[in-house]
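These notes are about the structure you will find just below.
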Amino acid sequence: MRKLVFIISTVILLSACSIGNTWDNPMPEEGFLIIAHRGASAYEPENTIPSFKLAEHLDSDYVELDVHLTKDGELIVMHDDDVKRTTEAVGKIKDYTLAELKQLTANEDKGEKVAVSGKDEEAYEIPTLQEVINEMEEDIRYVIELKDTEQYPGVEEELVRLLKENDMIGVDGQQYPKAVIHSFDEKALKQVHKIEPTIPLLQLISFEEGEEARISEEELEDIKTYASGISVSYEALTPPFVNTMKDEGLAVYGYTVNDEEAALRLKAMGVNGIHTDEPDILEE
Ligand code: G3P
Ligand code: CA
């Protein structure tokens, strides 16, 4: 009998541990979150401190940014794994030291690269994640994207370490998680979940143009073991899909929405929030 009780208790305990969306600190379910994609990137060069400051000024609920590891192991903020599109130089981030990257200028204005030599008030440095955290108000919240992780062994550990060091794990005064991590890379998210299971995670999912969002039962069950929600290319979202995901306990976000009508449609559909380059998209 004692053996049976032990087996039943173990099964219950293991089931509880494997349910991924019973977080201590999920993102709030009510409301419609505005997540500033690469900062207020419609107005300032993406993934720069001016872009994040403007997003903060525009009352974004979260600031989204992308991180990579430099040759000397520093977490820096840039979208691509290569500096070509947003600076005056070429080459992979992993082949640059932080000091070398600091000589470049992330000053891209609507596709026109503007190389600024030397640092003056017009210059936009490539920021480290630590610099962003230092520069921003303490109450700003982050959605941090892990990208190209195969190039950066140990990047998940380094990100969790930095978040812990900056007291960014857990919720703020309004009960919002201070930091959320998202990625298309399911392996990276599972690794973060293994290291620090209290960090809310969002699985990014992209669908082809014209395709309706759908995921298999198996994928859904898998996502629920580590993520509290999904962020989907918004054109694919449909009311039945959103309802099913929410019934399954997953939050649903749409990316990247820069059209007011689409934002309102998603809000009416019950989507939990949007990633947008224009955090003032729904302001009168
Ligand atoms: O907001 C979702 C988004 O961050 C994923 O795509 O390419 O803009 O990083 P990307
Ligand atoms: Ca991103």
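Labeling convention for the structure tokens: chains A, B, ... as they appear, residues from 1 per chain, ligands from 1 in order of appearance.
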Listing only residues of chain A within 7 Å of ligand 1, what is the closest atom pair and its distance in Å (to one decimal) for each, using only C-alpha atoms and all ligand atoms, sorted by chain and residue number ascending, as a tab-separated table?
```
residue	atom	partner	partner_atom_place_in_ligand_line	distance
A:His37	CA	ligand 1	1 (O)	5.5
A:Glu64	CA	ligand 1	4 (O)	6.8
A:Asp66	CA	ligand 1	9 (O)	6.5
A:His79	CA	ligand 1	9 (O)	6.2
A:Glu145	CA	ligand 1	4 (O)	6.7
A:Leu204	CA	ligand 1	5 (C)	6.9
A:Ser231	CA	ligand 1	2 (C)	6.9
A:Tyr255	CA	ligand 1	1 (O)	4.9
A:Thr256	CA	ligand 1	1 (O)	5.5
A:His275	CA	ligand 1	1 (O)	4.9
```
Collect all residues with atoms no farther than 12 Å from ligand 2, counting only C-alpha atoms and all ligand atoms, and output them as a PyMOL selection string. chain A and resi 35-39+41+46-47+63-68+77-81+142-148+181-185+202-205+231+233+255-256+275-277
For A:Lys94, which of A:Val242, A:Ile76, A:Leu69, A:Ile215 is the closest residue, counting only C-alpha atoms?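 Among the listed residues, A:Leu69 lies closest to A:Lys94.
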So how far away is atom CA of A:Ile274 from atom CA of A:Gly254, in Å?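 It comes out at 4.8 Å.
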Can you list, as a compact mmCIF listing (two decimals) with C-alpha atoms, in the first residue's frame, every protein, DNA or RNA residue that comes within 8 Å of A:Phe32 when you count only C-alpha atoms, leaving out same-chain residues fewer than 5 positions away?
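Writing the result to out.txt gives the following:
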```
# COMPACT_ATOMS: atom_id res chain seq x y z
CA LYS A 267 -7.20 43.30 -29.85
CA VAL A 271 -4.79 38.55 -28.60
CA ASN A 272 -2.78 39.47 -25.48
CA GLY A 273 -0.63 42.12 -27.14
CA ILE A 274 1.46 43.12 -30.12
```
Quick one, how far is atom CA of A:Glu278 from atom CA of A:Gln103?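 About the pair atom CA of A:Glu278 and atom CA of A:Gln103: they are 28.8 Å apart.
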Please report, as a PyMOL selection string, each residue of stretch 166-215 of chain A to which DSSP assigns helix (DSSP H, G or I) when run on this structure's backbone. chain A and resi 186-195
Filtering to N, CA and C atoms, could you give me those residues as an mmCIF file, in the first residue's frame?
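Result file result_19.cif:
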```cif
data_model
loop_
_atom_site.group_PDB
_atom_site.id
_atom_site.type_symbol
_atom_site.label_atom_id
_atom_site.label_comp_id
_atom_site.auth_asym_id
_atom_site.auth_seq_id
_atom_site.Cartn_x
_atom_site.Cartn_y
_atom_site.Cartn_z
ATOM 1 N N GLU A 186 13.669 26.776 -30.121
ATOM 2 C CA GLU A 186 13.039 26.059 -29.014
ATOM 3 C C GLU A 186 14.085 25.467 -28.063
ATOM 4 N N LYS A 187 15.232 25.065 -28.642
ATOM 5 C CA LYS A 187 16.296 24.471 -27.814
ATOM 6 C C LYS A 187 16.831 25.491 -26.808
ATOM 7 N N ALA A 188 16.987 26.730 -27.279
ATOM 8 C CA ALA A 188 17.501 27.792 -26.399
ATOM 9 C C ALA A 188 16.516 28.069 -25.268
ATOM 10 N N LEU A 189 15.221 28.094 -25.617
ATOM 11 C CA LEU A 189 14.205 28.353 -24.584
ATOM 12 C C LEU A 189 14.197 27.219 -23.558
ATOM 13 N N LYS A 190 14.315 25.989 -24.036
ATOM 14 C CA LYS A 190 14.326 24.846 -23.104
ATOM 15 C C LYS A 190 15.542 24.908 -22.188
ATOM 16 N N GLN A 191 16.646 25.389 -22.734
ATOM 17 C CA GLN A 191 17.862 25.509 -21.926
ATOM 18 C C GLN A 191 17.673 26.567 -20.833
ATOM 19 N N VAL A 192 17.061 27.706 -21.203
ATOM 20 C CA VAL A 192 16.789 28.744 -20.197
ATOM 21 C C VAL A 192 15.853 28.176 -19.129
ATOM 22 N N HIS A 193 14.832 27.453 -19.580
ATOM 23 C CA HIS A 193 13.855 26.887 -18.639
ATOM 24 C C HIS A 193 14.533 25.932 -17.650
ATOM 25 N N LYS A 194 15.532 25.226 -18.172
ATOM 26 C CA LYS A 194 16.265 24.283 -17.320
ATOM 27 C C LYS A 194 17.109 25.040 -16.283
ATOM 28 N N ILE A 195 17.724 26.133 -16.723
ATOM 29 C CA ILE A 195 18.603 26.888 -15.810
ATOM 30 C C ILE A 195 17.780 27.671 -14.791
#
```
Fewer than 3 positions away in the same chain doesn't count, so skip those; otherwise give me all residues within 10 Å of stretch 164-166 of chain A, counting only C-alpha atoms, as a list in words. Gln130, Ile133, Asn134, Glu158, Leu159, Val160, Arg161, Ile169, Gly170 and Glu196 of chain A
Separation of atom CA of A:Ala227 from atom CA of A:Leu201, in Å and rounded to one decimal: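 Computing it gives 4.7 Å between the two atoms.
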When DSSP is applied to the backbone of this structure, which of stretch 46-230 of chain A are assigned strand (DSSP E or B)? Write them out as an MDAnalysis selection string. chainID A and resid 62:69 75:77 82 92 108:109 112:113 128 142:146 171 177 179:183 201:205 229:230
Per residue of stretch 27-130 of chain A within 10 Å of stretch 175-178 of chain A, record the nearest atom pair and its distance in Å to one decimal, counting only C-alpha atoms, with rows in chain order and ascending residue number, as a Markdown table.
```
| residue | atom | partner | partner_atom | distance |
| --- | --- | --- | --- | --- |
| A:Met27 | CA | A:Tyr176 | CA | 5.7 |
| A:Pro28 | CA | A:Tyr176 | CA | 6.3 |
| A:Asp61 | CA | A:Tyr176 | CA | 9.2 |
| A:Tyr62 | CA | A:Lys178 | CA | 8.7 |
```
Convert the current residue selection to file output with N, CA and C atoms, as a short mmCIF file (atom, residue, chain, number, x, y, z; two decimals), in the first residue's frame.
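The result, written out as again_24.cif:
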```
data_model
loop_
_atom_site.label_atom_id
_atom_site.label_comp_id
_atom_site.auth_asym_id
_atom_site.auth_seq_id
_atom_site.Cartn_x
_atom_site.Cartn_y
_atom_site.Cartn_z
N MET A 27 3.10 36.74 -17.75
CA MET A 27 2.73 38.09 -18.19
C MET A 27 1.23 38.24 -17.95
N PRO A 28 0.77 39.46 -17.65
CA PRO A 28 -0.64 39.63 -17.33
C PRO A 28 -1.54 39.21 -18.47
N ASP A 61 4.58 48.86 -22.76
CA ASP A 61 4.54 47.94 -21.62
C ASP A 61 5.86 47.18 -21.51
N TYR A 62 6.43 46.84 -22.68
CA TYR A 62 7.71 46.13 -22.72
C TYR A 62 8.55 46.71 -23.85
#
```
Spatial neighbours of A:Ala99, max dist 12 Å, only C-alpha atoms, sep filter under 6 positions, as a list of chain:residue names: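 Residues near the query, excluding close chain neighbours: A:Thr70, A:Lys71, A:Asp72, A:Gly73, A:Glu74, A:Ile76, A:Ile93, A:Glu125, A:Ile126, A:Pro127, A:Thr128.
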So that I have them on file, write out the residues from the current selection with C-alpha atoms, as a PDB file, in the first residue's frame.
```pdb
ATOM      1  CA  THR A  70      30.825  39.152 -28.788  1.00  0.00           C
ATOM      2  CA  LYS A  71      34.141  37.390 -29.311  1.00  0.00           C
ATOM      3  CA  ASP A  72      35.036  38.235 -25.707  1.00  0.00           C
ATOM      4  CA  GLY A  73      31.729  37.022 -24.283  1.00  0.00           C
ATOM      5  CA  GLU A  74      29.767  40.276 -23.810  1.00  0.00           C
ATOM      6  CA  ILE A  76      25.372  43.079 -26.969  1.00  0.00           C
ATOM      7  CA  ILE A  93      29.407  39.879 -34.193  1.00  0.00           C
ATOM      8  CA  GLU A 125      26.667  53.226 -30.086  1.00  0.00           C
ATOM      9  CA  ILE A 126      25.931  49.542 -30.244  1.00  0.00           C
ATOM     10  CA  PRO A 127      24.825  49.008 -26.632  1.00  0.00           C
ATOM     11  CA  THR A 128      25.580  46.099 -24.360  1.00  0.00           C
TER      12      THR A 128
END
```
